[in-house]
>>> print(open('query15.csv').read())   # CSV, C-alpha atoms
chain,number,residue,atom,x,y,z
D,1124,MET,CA,17.1,161.9,93.4
D,1125,ARG,CA,17.9,162.6,89.7
D,1126,ARG,CA,20.3,159.7,89.6
D,1127,LEU,CA,17.7,157.4,91.0
D,1128,LEU,CA,15.2,158.5,88.4
D,1129,ARG,CA,17.8,157.8,85.7
D,1130,TYR,CA,18.3,154.3,87.0
D,1131,ILE,CA,14.6,153.6,87.1
D,1132,THR,CA,14.3,154.9,83.5
D,1133,LEU,CA,16.9,152.4,82.4
D,1134,VAL,CA,15.1,149.6,84.1
D,1135,ILE,CA,11.8,150.5,82.5
D,1136,ALA,CA,13.6,150.7,79.1
D,1137,LEU,CA,14.8,147.1,79.6
D,1138,PHE,CA,11.3,146.1,80.5
D,1139,THR,CA,9.8,147.5,77.3
D,1140,THR,CA,12.2,145.4,75.2
D,1141,ILE,CA,10.7,142.2,76.5
D,1142,GLY,CA,7.9,142.1,74.0
D,1143,VAL,CA,10.2,142.3,71.0
D,1144,ALA,CA,13.1,140.2,72.3
D,1145,GLU,CA,13.3,136.4,71.9
D,1146,ALA,CA,12.6,136.1,75.6
D,1147,GLN,CA,11.0,133.0,77.0
D,1148,GLN,CA,10.7,134.2,80.6
D,1149,LEU,CA,10.3,137.4,82.5
D,1150,ARG,CA,12.5,137.4,85.7
D,1151,VAL,CA,11.4,139.7,88.6
D,1152,GLY,CA,12.8,139.7,92.1
D,1153,ALA,CA,14.2,141.7,95.0
D,1154,ASN,CA,16.8,141.4,97.7
D,1155,PHE,CA,16.7,143.1,101.0
D,1156,THR,CA,19.4,143.3,103.7
D,1157,THR,CA,19.5,145.2,106.9
D,1158,LEU,CA,22.7,145.1,108.9
D,1159,PHE,CA,23.6,146.3,112.5
D,1160,ASP,CA,27.3,146.1,113.1
D,1161,ASN,CA,28.9,147.4,116.3
D,1162,LYS,CA,32.6,147.4,117.1
D,1163,GLU,CA,33.9,148.1,120.6
D,1164,TYR,CA,37.7,148.4,120.0
D,1165,SER,CA,38.8,151.2,122.3
D,1166,SER,CA,41.4,149.0,124.0
D,1167,MET,CA,42.9,147.7,120.8
D,1168,GLY,CA,45.7,149.2,118.8
D,1169,PHE,CA,44.8,148.5,115.2
D,1170,ASP,CA,41.2,149.4,114.7
D,1171,GLU,CA,38.6,151.9,115.8
D,1172,SER,CA,35.1,151.7,117.5
D,1173,TRP,CA,32.0,152.6,115.5
D,1174,THR,CA,28.5,151.4,114.8
D,1175,LEU,CA,26.9,150.7,111.4
D,1176,PHE,CA,23.1,150.4,111.0
D,1177,SER,CA,21.9,150.4,107.4
D,1178,SER,CA,19.3,148.8,105.0
D,1179,ARG,CA,19.5,148.0,101.3
D,1180,LEU,CA,16.8,147.1,98.8
D,1181,THR,CA,17.7,145.8,95.4
D,1182,PRO,CA,14.7,145.3,93.1
D,1183,ARG,CA,15.6,143.6,89.7
D,1184,ILE,CA,14.0,142.7,86.4
D,1185,GLY,CA,15.2,141.0,83.4
D,1186,VAL,CA,14.7,138.3,80.8
D,1187,ALA,CA,15.8,134.7,80.6
D,1188,TRP,CA,16.0,132.6,77.4
D,1189,ALA,CA,17.3,129.4,76.0
D,1190,GLU,CA,17.2,127.9,79.5
D,1191,ARG,CA,20.7,129.1,80.6
D,1192,ASN,CA,20.9,132.8,79.6
D,1193,GLU,CA,19.8,135.9,81.7
D,1194,LEU,CA,20.0,139.6,81.1
D,1195,MET,CA,19.3,141.5,84.3
D,1196,ALA,CA,19.0,145.1,85.6
D,1197,ALA,CA,18.8,146.1,89.3
D,1198,VAL,CA,19.0,149.2,91.4
D,1199,ASP,CA,20.8,149.2,94.8
D,1200,LEU,CA,19.0,151.5,97.2
D,1201,VAL,CA,20.9,152.1,100.4
D,1202,GLN,CA,19.6,153.9,103.4
D,1203,ASP,CA,21.9,154.4,106.4
D,1204,ILE,CA,19.8,154.6,109.5
D,1205,GLY,CA,20.4,157.6,111.9
D,1206,TYR,CA,21.8,160.0,109.3
D,1207,GLN,CA,19.2,162.8,109.9
D,1208,ALA,CA,16.6,161.1,107.8
D,1209,LYS,CA,18.5,161.8,104.5
D,1210,PHE,CA,16.6,160.3,101.6
D,1211,LEU,CA,18.8,157.5,100.2
D,1212,SER,CA,22.4,157.4,101.3
D,1213,ASP,CA,23.4,155.8,98.0
D,1214,ALA,CA,22.0,154.4,94.8
D,1215,ASN,CA,23.8,152.2,92.3
D,1216,LEU,CA,23.0,150.3,89.2
D,1217,GLN,CA,23.5,146.6,88.4
D,1218,LEU,CA,23.5,145.5,84.8
D,1219,TYR,CA,24.7,142.1,83.8
D,1220,TYR,CA,24.5,139.0,81.6
D,1221,ALA,CA,24.7,135.5,83.1
D,1222,TYR,CA,25.1,132.1,81.6
D,1223,ARG,CA,24.2,129.3,84.0
D,1224,ALA,CA,24.9,125.8,83.0
D,1225,PRO,CA,25.0,122.8,85.5
D,1226,ARG,CA,28.9,123.0,85.7
D,1227,LEU,CA,29.7,126.4,84.2
D,1228,LYS,CA,28.8,129.9,85.4
D,1229,VAL,CA,29.8,133.0,83.5
D,1230,LEU,CA,28.7,136.6,84.4
D,1231,ALA,CA,29.7,139.9,82.8
D,1232,GLY,CA,28.8,143.5,83.7
D,1233,VAL,CA,28.0,144.8,87.2
D,1234,PHE,CA,26.6,141.9,89.2
D,1235,PRO,CA,26.1,140.9,92.9
D,1236,ARG,CA,29.2,140.0,94.8
D,1237,GLU,CA,27.4,137.0,96.3
D,1238,GLU,CA,27.9,135.3,92.9
D,1239,MET,CA,31.6,134.8,93.8
D,1240,ARG,CA,32.5,131.8,95.9
D,1241,GLY,CA,36.1,132.6,96.7
D,1242,LEU,CA,37.8,135.0,99.1
D,1243,ARG,CA,35.6,134.2,102.1
D,1244,SER,CA,38.3,134.9,104.6
D,1245,PRO,CA,38.0,138.2,106.5
D,1246,LEU,CA,41.6,138.8,105.4
D,1247,PHE,CA,40.2,139.9,102.0
D,1248,PHE,CA,36.9,141.6,102.7
D,1249,ASP,CA,35.5,142.8,106.1
D,1250,ARG,CA,31.8,142.6,106.7
D,1251,THR,CA,31.4,146.3,106.3
D,1252,TYR,CA,33.1,146.3,102.9
D,1253,ARG,CA,30.9,143.4,101.7
D,1254,TYR,CA,27.8,145.4,102.7
D,1255,TYR,CA,28.7,148.7,101.0
D,1256,ASN,CA,30.5,147.1,98.1
D,1257,ASN,CA,28.1,144.4,97.2
D,1258,ARG,CA,28.8,144.5,93.4
D,1259,ILE,CA,31.6,143.2,91.2
D,1260,GLY,CA,32.2,145.2,88.0
D,1261,GLY,CA,33.8,143.0,85.4
D,1262,VAL,CA,33.6,139.3,84.6
D,1263,LEU,CA,33.4,136.0,86.5
D,1264,ALA,CA,33.8,132.4,85.3
D,1265,ARG,CA,33.4,129.4,87.5
D,1266,PHE,CA,33.7,125.7,86.7
D,1267,GLU,CA,32.2,123.3,89.2
D,1268,ALA,CA,33.4,119.7,89.1
D,1269,ALA,CA,30.9,116.9,88.7
D,1270,LYS,CA,33.0,114.2,90.3
D,1271,HIS,CA,33.5,115.9,93.7
D,1272,GLU,CA,30.5,117.8,95.0
D,1273,GLY,CA,31.5,121.3,96.0
D,1274,ALA,CA,34.8,121.3,94.1
D,1275,TYR,CA,35.3,124.3,91.8
D,1276,VAL,CA,37.8,126.7,90.2
D,1277,GLU,CA,36.9,130.4,89.7
D,1278,PHE,CA,38.4,133.4,87.9
D,1279,VAL,CA,37.2,137.0,88.5
D,1280,PHE,CA,38.2,140.4,87.2
D,1281,ASP,CA,36.8,143.3,89.4
D,1282,TYR,CA,37.4,146.8,88.1
D,1283,THR,CA,36.8,149.1,91.1
D,1284,GLY,CA,38.1,152.5,89.9
D,1285,MET,CA,38.4,154.3,86.6
D,1286,ARG,CA,41.2,156.8,86.7
D,1287,ASP,CA,40.4,160.5,86.4
D,1288,PHE,CA,41.4,163.7,88.2
D,1289,ASN,CA,39.9,162.7,91.6
D,1290,THR,CA,39.7,158.9,91.3
D,1291,ARG,CA,42.3,156.3,91.5
D,1292,GLU,CA,42.4,153.4,89.0
D,1293,SER,CA,42.0,150.2,90.8
D,1294,PHE,CA,41.2,146.6,90.0
D,1295,MET,CA,41.6,143.1,91.3
D,1296,LEU,CA,42.5,139.9,89.5
D,1297,ILE,CA,41.1,136.9,91.6
D,1298,THR,CA,41.3,133.2,91.3
D,1299,SER,CA,40.1,130.6,93.8
D,1300,ALA,CA,39.8,126.8,93.8
D,1301,GLU,CA,38.8,124.0,96.2
D,1302,ASP,CA,38.5,120.2,95.9
D,1303,ILE,CA,36.8,117.9,98.4
D,1304,ILE,CA,37.6,114.3,98.9
D,1305,GLY,CA,35.6,112.7,101.7
D,1306,GLY,CA,35.9,115.2,104.5
D,1307,PHE,CA,39.2,116.5,103.3
D,1308,ARG,CA,39.4,119.9,101.6
D,1309,TYR,CA,42.3,121.7,99.9
D,1310,GLY,CA,42.5,124.8,97.7
D,1311,TYR,CA,43.7,128.3,97.3
D,1312,ASP,CA,42.7,132.0,97.1
D,1313,ILE,CA,44.8,134.4,95.1
D,1314,MET,CA,44.1,138.1,94.7
D,1315,VAL,CA,46.4,140.5,92.7
D,1316,GLY,CA,45.4,144.1,93.3
D,1317,HIS,CA,46.5,147.3,91.4
D,1318,TYR,CA,46.0,150.7,93.0
D,1319,ALA,CA,47.1,153.6,90.8
D,1320,LYS,CA,47.4,157.3,91.4
D,1321,ASP,CA,44.9,159.9,90.2
D,1322,ASP,CA,45.6,162.9,88.1
D,1323,ASN,CA,45.6,165.4,91.0
D,1324,PRO,CA,49.3,166.4,91.7
D,1325,ALA,CA,48.3,167.7,95.1
D,1326,THR,CA,47.7,164.2,96.4
D,1327,ASP,CA,51.2,163.0,95.4
D,1328,ASP,CA,50.3,159.4,95.9
D,1329,GLY,CA,51.9,156.4,94.3
D,1330,VAL,CA,51.0,153.2,92.5
D,1331,VAL,CA,50.7,150.1,94.7
D,1332,ASP,CA,50.8,146.5,93.7
D,1333,ASN,CA,49.2,144.2,96.3
D,1334,ALA,CA,49.1,140.4,96.0
D,1335,LEU,CA,47.8,137.8,98.4
D,1336,LEU,CA,48.2,134.0,98.1
D,1337,THR,CA,46.5,131.8,100.7
D,1338,PRO,CA,46.7,128.0,100.0
D,1339,HIS,CA,44.7,126.1,102.6
D,1340,VAL,CA,43.9,122.6,103.8
D,1341,GLY,CA,40.9,121.5,105.9
D,1342,TYR,CA,38.8,118.7,107.2
D,1343,ASP,CA,35.1,118.4,108.0
D,1344,LEU,CA,34.1,115.9,110.7
D,1345,HIS,CA,30.9,114.8,112.3
D,1346,LEU,CA,31.1,114.3,116.0
D,1347,GLY,CA,27.8,112.8,117.1
D,1348,LYS,CA,25.3,115.6,116.5
D,1349,PHE,CA,27.9,118.2,116.0
D,1350,ASP,CA,29.9,119.3,112.9
D,1351,LEU,CA,33.6,120.2,113.3
D,1352,GLN,CA,35.4,122.2,110.8
D,1353,LEU,CA,39.2,122.6,110.8
D,1354,GLN,CA,41.2,124.7,108.3
D,1355,LEU,CA,44.9,125.7,108.2
D,1356,ALA,CA,46.0,128.4,105.7
D,1357,TYR,CA,49.4,129.8,104.8
D,1358,ILE,CA,49.2,133.5,103.9
D,1359,GLN,CA,51.9,135.1,101.6
D,1360,SER,CA,51.7,138.8,100.7
D,1361,LEU,CA,53.8,140.6,98.1
D,1362,GLN,CA,53.4,144.4,98.0
D,1363,ARG,CA,55.2,147.4,96.5
D,1364,ASP,CA,54.6,151.2,96.6
D,1365,ARG,CA,56.4,152.2,93.4
D,1366,HIS,CA,56.4,156.0,94.3
D,1367,PHE,CA,57.5,156.1,97.9
D,1368,GLU,CA,59.6,153.0,98.4
D,1369,ASN,CA,59.8,151.1,95.1
D,1370,ARG,CA,60.8,147.9,96.9
D,1371,TRP,CA,58.9,144.7,97.5
D,1372,LEU,CA,57.6,143.8,100.9
D,1373,ALA,CA,56.6,140.2,101.6
D,1374,PRO,CA,54.9,139.9,105.0
D,1375,MET,CA,53.6,136.3,105.7
D,1376,GLY,CA,51.8,134.3,108.3
D,1377,GLY,CA,49.6,131.3,109.1
D,1378,GLU,CA,46.0,131.0,110.2
D,1379,LEU,CA,44.2,128.2,112.0
D,1380,TYR,CA,40.4,128.2,112.0
D,1381,VAL,CA,38.3,125.8,114.2
D,1382,ALA,CA,34.5,125.8,114.3
D,1383,LEU,CA,32.0,123.6,116.1
D,1384,SER,CA,28.3,123.8,114.9
D,1385,ARG,CA,24.9,122.5,115.8
D,1386,TRP,CA,21.3,123.8,115.1
D,1387,GLY,CA,22.7,126.8,113.3
D,1388,VAL,CA,24.8,127.8,116.3
D,1389,THR,CA,28.5,128.0,115.7
D,1390,LEU,CA,31.4,128.5,118.2
D,1391,SER,CA,34.7,129.3,116.3
D,1392,ASN,CA,38.2,130.4,116.9
D,1393,ARG,CA,40.5,132.1,114.3
D,1394,LEU,CA,44.1,132.4,115.3
D,1395,TYR,CA,46.6,134.3,113.1
D,1396,VAL,CA,50.4,134.2,113.7
D,1397,GLY,CA,52.7,136.3,111.5
D,1398,GLY,CA,53.6,139.8,110.3
D,1399,ASN,CA,51.7,143.0,109.4
D,1400,LEU,CA,49.8,142.2,106.2
D,1401,LEU,CA,48.8,145.8,105.7
D,1402,PRO,CA,52.1,147.6,105.7
D,1403,HIS,CA,50.9,150.6,103.6
D,1404,PHE,CA,47.7,151.2,105.6
D,1405,ASP,CA,49.0,154.4,107.2
D,1406,ARG,CA,49.3,156.0,103.8
D,1407,TYR,CA,46.3,154.5,101.9
D,1408,GLY,CA,44.0,153.2,104.5
D,1409,THR,CA,40.8,151.3,103.5
D,1410,ASP,CA,41.0,152.6,99.9
D,1411,LEU,CA,43.7,150.0,99.4
D,1412,TYR,CA,42.9,147.3,102.0
D,1413,HIS,CA,39.4,145.9,102.3
D,1414,GLY,CA,39.8,143.2,104.9
D,1415,LYS,CA,39.7,143.2,108.7
D,1416,LEU,CA,42.1,145.8,110.1
D,1417,ILE,CA,43.2,143.3,112.8
D,1418,TYR,CA,45.6,141.9,110.2
D,1419,ARG,CA,47.6,145.2,110.7
D,1420,THR,CA,49.0,143.8,114.0
D,1421,THR,CA,52.7,144.2,114.5
D,1422,GLU,CA,52.6,142.0,117.6
D,1423,GLY,CA,53.0,138.7,115.8
D,1424,LEU,CA,49.5,137.4,116.4
D,1425,HIS,CA,45.8,138.1,116.8
D,1426,ASN,CA,42.9,135.9,117.8
D,1427,THR,CA,39.1,136.1,117.3
D,1428,ILE,CA,36.6,134.0,119.2
D,1429,THR,CA,33.1,134.0,117.7
D,1430,ALA,CA,29.7,132.8,118.9
D,1431,SER,CA,27.2,133.1,116.1
D,1432,TYR,CA,23.8,131.9,114.8
D,1433,GLY,CA,22.7,131.6,111.2
D,1434,ASN,CA,19.6,129.9,109.7
D,1435,SER,CA,17.1,130.3,106.8
D,1436,PHE,CA,13.3,130.3,107.0
D,1437,PHE,CA,10.2,130.3,104.7
D,1438,LYS,CA,11.7,128.1,102.0
D,1439,ASP,CA,15.1,129.9,102.2
D,1440,THR,CA,13.7,133.3,101.4
D,1441,VAL,CA,14.6,134.8,104.7
D,1442,ARG,CA,17.9,134.4,106.4
D,1443,LEU,CA,18.9,135.5,109.9
D,1444,GLU,CA,22.5,135.9,111.1
D,1445,GLY,CA,23.9,137.3,114.2
D,1446,GLY,CA,26.8,136.9,116.6
D,1447,ILE,CA,29.4,138.4,118.9
D,1448,THR,CA,33.2,138.2,118.7
D,1449,LEU,CA,35.9,138.6,121.3
D,1450,GLU,CA,39.1,139.8,119.6
D,1451,TYR,CA,42.7,140.3,120.6
D,1452,ASP,CA,45.2,142.1,118.4
D,1453,GLY,CA,48.3,141.6,120.5
D,1454,ILE,CA,47.7,144.9,122.4
D,1455,GLY,CA,44.2,144.7,123.8
D,1456,TRP,CA,40.8,143.1,123.7
D,1457,GLY,CA,37.7,144.2,121.8
D,1458,THR,CA,34.2,142.9,120.9
D,1459,ARG,CA,32.0,143.1,117.9
D,1460,GLN,CA,28.3,142.4,117.6
D,1461,TRP,CA,26.3,142.1,114.5
D,1462,LEU,CA,22.8,141.2,113.3
D,1463,GLN,CA,21.8,140.8,109.7
D,1464,VAL,CA,18.4,140.0,108.1
D,1465,SER,CA,18.4,139.1,104.4
D,1466,ILE,CA,15.4,138.5,102.1
D,1467,ALA,CA,15.7,137.0,98.6
D,1468,LEU,CA,12.7,136.8,96.3
D,1469,ASP,CA,12.9,135.6,92.7
D,1470,TYR,CA,10.0,134.9,90.4
D,1471,GLY,CA,9.8,133.8,86.7
D,1472,PHE,CA,6.9,134.4,84.3
D,1473,SER,CA,6.9,132.3,81.2
D,1474,ARG,CA,5.8,133.7,77.8
D,1475,LYS,CA,4.5,131.4,75.2
D,1476,ASP,CA,5.5,132.2,71.6
D,1477,LYS,CA,2.6,133.1,69.3
D,1478,ASN,CA,4.1,131.3,66.3
>>> encode(input="query15.csv", output="structure tokens")
Amino acid sequence: MRRLLRYITLVIALFTTIGVAEAQQLRVGANFTTLFDNKEYSSMGFDESWTLFSSRLTPRIGVAWAERNELMAAVDLVQDIGYQAKFLSDANLQLYYAYRAPRLKVLAGVFPREEMRGLRSPLFFDRTYRYYNNRIGGVLARFEAAKHEGAYVEFVFDYTGMRDFNTRESFMLITSAEDIIGGFRYGYDIMVGHYAKDDNPATDDGVVDNALLTPHVGYDLHLGKFDLQLQLAYIQSLQRDRHFENRWLAPMGGELYVALSRWGVTLSNRLYVGGNLLPHFDRYGTDLYHGKLIYRTTEGLHNTITASYGNSFFKDTVRLEGGITLEYDGIGWGTRQWLQVSIALDYGFSRKDKN
């Protein structure tokens, strides 16, 4: 509760500066997300069953000036449903500056993860991780090409842990790019992670370097009233635990994604063939790896079949997403069901200069 009051005080302090700043517009808004996510994985060998049911409200306030500049403050208020009615499961602050030009976006501070376009594969971030870690702390720069609509190149630095006695130092260097010519797409995602030991000798943990490179090619095709998406990716990992092994591991694989869509309904299949991309999971778990744990498979393949629905309503302020998966990790089959409702509200109030 005290931490929440401190956050609210900071937001109010920002609000009081509006009258003296060279602001042209007051920006006020809020985001709301509620997520139900249920995994039935008892027959599988590389993940566990559990259910997540949680809601998050993020009110924000800030100033915009000179058309392209923003200074924003927000508070993430998370309430996990079913935890003995505990008041606020978590509360975190967002503070960031944003420059938004037609072709260039730059953000610095602690800002929403949804600002990043790259790393959309579940290899990098699972749905649960995206929900509970919806912020990036660092900087983001993205250039969007004018010649080819949808083409971009992006660079991100995400500092996720400051080293102290109980906390590991961790950060990610990320770059992504994609170009689109007709229906043909090609691009890459690269993530270089660093996960360092804390200052507690009792843990006796090492320093892990973790890099993922995933170049991909794809094609989007209209089949009558249906949209067909095809994408083939090569996945190359390079990892080293400097303390326990001090040698490089280079598991690799390939992934084929096929999706057929109409009216917001999508039927898709994601097939992975290759090695275990999470070789240090037994030692470091989800502190090191943030993607779907099905990529731990040592059976040479896994497959995910998904039927889902996603659509936006009320002038794109409300979005509904839900679906069910049938997953095979080389050992057994499991299912996953999720339902997510998201609301995004954003208002601007102009202030005329008195001079």
>>> closest_residue(input="query15.csv", among="D:Asp1312, D:Asp1343, D:Asp1452, D:Asp1281", to="Gln1359 (chain D)", atoms="only C-alpha atoms")
D:Asp1312
>>> closest_residue(input="query15.csv", among="D:Ile1454, D:Ile1466, D:Glu1292, D:Met1239", to="Lys1438 (chain D)", atoms="all atoms listed in the file")
D:Ile1466
>>> residues_around(input="query15.csv", residues="Thr1421 (chain D)", least_positions_apart="3", cutoff="10 Å", atoms="only C-alpha atoms", output="ChimeraX atom specification")
/D:1168-1169,1397-1402,1417-1418,1424-1425,1452-1454
>>> residues_around(input="query15.csv", residues="Arg1253 (chain D)", least_positions_apart="5", cutoff="12 Å", atoms="only C-alpha atoms", output="PyMOL selection string")
chain D and resi 1156+1158+1235-1237+1239+1242-1245+1247-1248+1258-1259+1413-1415
>>> closest_residue(input="query15.csv", among="D:Leu1443, D:Val1279, D:Leu1216, D:Leu1449", to="Asn1426 (chain D)", atoms="only C-alpha atoms")
D:Leu1449
>>> atom_distance(input="query15.csv", atom1="CA of Ser1293 (chain D)", atom2="CA of Phe1367 (chain D)")
18.0 Å
>>> residues_around(input="query15.csv", residues="region 1219-1228 of chain D", least_positions_apart="5", cutoff="7 Å", atoms="all atoms listed in the file", output="list of chain:residue names")
D:Arg1191, D:Asn1192, D:Glu1193, D:Leu1194, D:Met1195, D:Ala1196, D:Val1233, D:Phe1234, D:Ala1264, D:Arg1265, D:Phe1266, D:Glu1267, D:Ala1268
>>> closest_residue(input="query15.csv", among="D:Thr1409, D:Gln1362, D:Gln1147, D:Ser1465", to="Val1331 (chain D)", atoms="only C-alpha atoms")
D:Gln1362
>>> residues_around(input="query15.csv", residues="region 1204-1206 of chain D", least_positions_apart="6", cutoff="8 Å", atoms="only C-alpha atoms", output="list in words")
Phe1176, Ser1177 and Ser1178 of chain D
>>> closest_residue(input="query15.csv", among="D:Arg1393, D:Arg1370, D:Lys1162, D:Arg1150", to="Leu1353 (chain D)", atoms="all atoms listed in the file")
D:Arg1393
>>> closest_residue(input="query15.csv", among="D:Gly1347, D:Pro1182, D:Gly1341, D:Gly1457", to="Val1198 (chain D)", atoms="all atoms listed in the file")
D:Pro1182
>>> residues_near_point(input="query15.csv", point="(12.7, 133.9, 100.0)", cutoff="10 Å", atoms="all atoms listed in the file", output="short mmCIF file (atom, residue, chain, number, x, y, z; two decimals) with C-alpha atoms, in the coordinates of the input")
data_model
loop_
_atom_site.label_atom_id
_atom_site.label_comp_id
_atom_site.auth_asym_id
_atom_site.auth_seq_id
_atom_site.Cartn_x
_atom_site.Cartn_y
_atom_site.Cartn_z
CA GLY D 1152 12.80 139.70 92.10
CA ALA D 1153 14.20 141.70 95.00
CA ASN D 1154 16.80 141.40 97.70
CA SER D 1435 17.10 130.30 106.80
CA PHE D 1436 13.30 130.30 107.00
CA PHE D 1437 10.20 130.30 104.70
CA LYS D 1438 11.70 128.10 102.00
CA ASP D 1439 15.10 129.90 102.20
CA THR D 1440 13.70 133.30 101.40
CA VAL D 1441 14.60 134.80 104.70
CA ARG D 1442 17.90 134.40 106.40
CA SER D 1465 18.40 139.10 104.40
CA ILE D 1466 15.40 138.50 102.10
CA ALA D 1467 15.70 137.00 98.60
CA LEU D 1468 12.70 136.80 96.30
CA ASP D 1469 12.90 135.60 92.70
#
>>> closest_atom_pairs(input="query15.csv", of="region 1312-1395 of chain D", to="region 1273-1278 of chain D", cutoff="12 Å", atoms="all atoms listed in the file", output="CSV")
residue,atom,partner,partner_atom,distance
D:Asp1312,CA,D:Glu1277,CA,9.5
D:Ile1313,CA,D:Phe1278,CA,9.7
D:Met1314,CA,D:Phe1278,CA,10.0
D:Val1315,CA,D:Phe1278,CA,11.7
>>> atom_distance(input="query15.csv", atom1="CA of Gln1460 (chain D)", atom2="CA of Thr1448 (chain D)")
6.5 Å
>>> residues_around(input="query15.csv", residues="region 1171-1173 of chain D", least_positions_apart="4", cutoff="8 Å", atoms="only C-alpha atoms", output="list in words")
Asn1161, Lys1162, Glu1163, Tyr1164, Ser1165 and Met1167 of chain D
>>> decode(input="query15.csv", residues="region 1355-1373 of chain D", atoms="N, CA and C atoms", output="PDB file, in the first residue's frame")
ATOM      1  N   LEU D1355       8.562 -19.716 -42.466  1.00  0.00           N
ATOM      2  CA  LEU D1355       9.593 -20.698 -42.158  1.00  0.00           C
ATOM      3  C   LEU D1355      10.755 -19.975 -41.499  1.00  0.00           C
ATOM      4  N   ALA D1356      11.174 -20.461 -40.329  1.00  0.00           N
ATOM      5  CA  ALA D1356      12.238 -19.813 -39.561  1.00  0.00           C
ATOM      6  C   ALA D1356      13.339 -20.815 -39.242  1.00  0.00           C
ATOM      7  N   TYR D1357      14.576 -20.337 -39.291  1.00  0.00           N
ATOM      8  CA  TYR D1357      15.718 -21.098 -38.806  1.00  0.00           C
ATOM      9  C   TYR D1357      16.093 -20.537 -37.438  1.00  0.00           C
ATOM     10  N   ILE D1358      16.281 -21.405 -36.456  1.00  0.00           N
ATOM     11  CA  ILE D1358      16.575 -20.979 -35.084  1.00  0.00           C
ATOM     12  C   ILE D1358      17.965 -21.461 -34.707  1.00  0.00           C
ATOM     13  N   GLN D1359      18.845 -20.506 -34.377  1.00  0.00           N
ATOM     14  CA  GLN D1359      20.198 -20.833 -33.930  1.00  0.00           C
ATOM     15  C   GLN D1359      20.429 -20.221 -32.554  1.00  0.00           C
ATOM     16  N   SER D1360      20.782 -21.069 -31.602  1.00  0.00           N
ATOM     17  CA  SER D1360      21.057 -20.616 -30.248  1.00  0.00           C
ATOM     18  C   SER D1360      22.544 -20.772 -29.952  1.00  0.00           C
ATOM     19  N   LEU D1361      23.054 -19.872 -29.128  1.00  0.00           N
ATOM     20  CA  LEU D1361      24.446 -19.949 -28.681  1.00  0.00           C
ATOM     21  C   LEU D1361      24.457 -19.585 -27.199  1.00  0.00           C
ATOM     22  N   GLN D1362      24.810 -20.568 -26.319  1.00  0.00           N
ATOM     23  CA  GLN D1362      24.676 -20.369 -24.879  1.00  0.00           C
ATOM     24  C   GLN D1362      25.912 -20.890 -24.148  1.00  0.00           C
ATOM     25  N   ARG D1363      26.216 -20.213 -23.021  1.00  0.00           N
ATOM     26  CA  ARG D1363      27.367 -20.630 -22.213  1.00  0.00           C
ATOM     27  C   ARG D1363      27.118 -20.299 -20.746  1.00  0.00           C
ATOM     28  N   ASP D1364      27.297 -21.284 -19.880  1.00  0.00           N
ATOM     29  CA  ASP D1364      27.301 -21.085 -18.438  1.00  0.00           C
ATOM     30  C   ASP D1364      28.772 -21.012 -18.018  1.00  0.00           C
ATOM     31  N   ARG D1365      29.258 -19.826 -17.727  1.00  0.00           N
ATOM     32  CA  ARG D1365      30.691 -19.625 -17.502  1.00  0.00           C
ATOM     33  C   ARG D1365      31.185 -20.300 -16.221  1.00  0.00           C
ATOM     34  N   HIS D1366      30.277 -20.475 -15.236  1.00  0.00           N
ATOM     35  CA  HIS D1366      30.703 -21.014 -13.940  1.00  0.00           C
ATOM     36  C   HIS D1366      30.729 -22.537 -13.929  1.00  0.00           C
ATOM     37  N   PHE D1367      29.690 -23.184 -14.425  1.00  0.00           N
ATOM     38  CA  PHE D1367      29.572 -24.630 -14.282  1.00  0.00           C
ATOM     39  C   PHE D1367      30.174 -25.404 -15.451  1.00  0.00           C
ATOM     40  N   GLU D1368      30.117 -24.854 -16.642  1.00  0.00           N
ATOM     41  CA  GLU D1368      30.595 -25.609 -17.803  1.00  0.00           C
ATOM     42  C   GLU D1368      31.651 -24.863 -18.601  1.00  0.00           C
ATOM     43  N   ASN D1369      31.462 -23.556 -18.743  1.00  0.00           N
ATOM     44  CA  ASN D1369      32.385 -22.692 -19.484  1.00  0.00           C
ATOM     45  C   ASN D1369      32.682 -23.218 -20.881  1.00  0.00           C
ATOM     46  N   ARG D1370      31.640 -23.691 -21.544  1.00  0.00           N
ATOM     47  CA  ARG D1370      31.756 -24.084 -22.944  1.00  0.00           C
ATOM     48  C   ARG D1370      30.476 -23.701 -23.666  1.00  0.00           C
ATOM     49  N   TRP D1371      30.616 -23.444 -24.932  1.00  0.00           N
ATOM     50  CA  TRP D1371      29.482 -22.987 -25.715  1.00  0.00           C
ATOM     51  C   TRP D1371      28.619 -24.165 -26.168  1.00  0.00           C
ATOM     52  N   LEU D1372      27.311 -24.005 -26.011  1.00  0.00           N
ATOM     53  CA  LEU D1372      26.331 -24.939 -26.556  1.00  0.00           C
ATOM     54  C   LEU D1372      25.595 -24.237 -27.689  1.00  0.00           C
ATOM     55  N   ALA D1373      25.315 -24.968 -28.759  1.00  0.00           N
ATOM     56  CA  ALA D1373      24.717 -24.348 -29.942  1.00  0.00           C
ATOM     57  C   ALA D1373      23.537 -25.158 -30.474  1.00  0.00           C
TER      58      ALA D1373
END
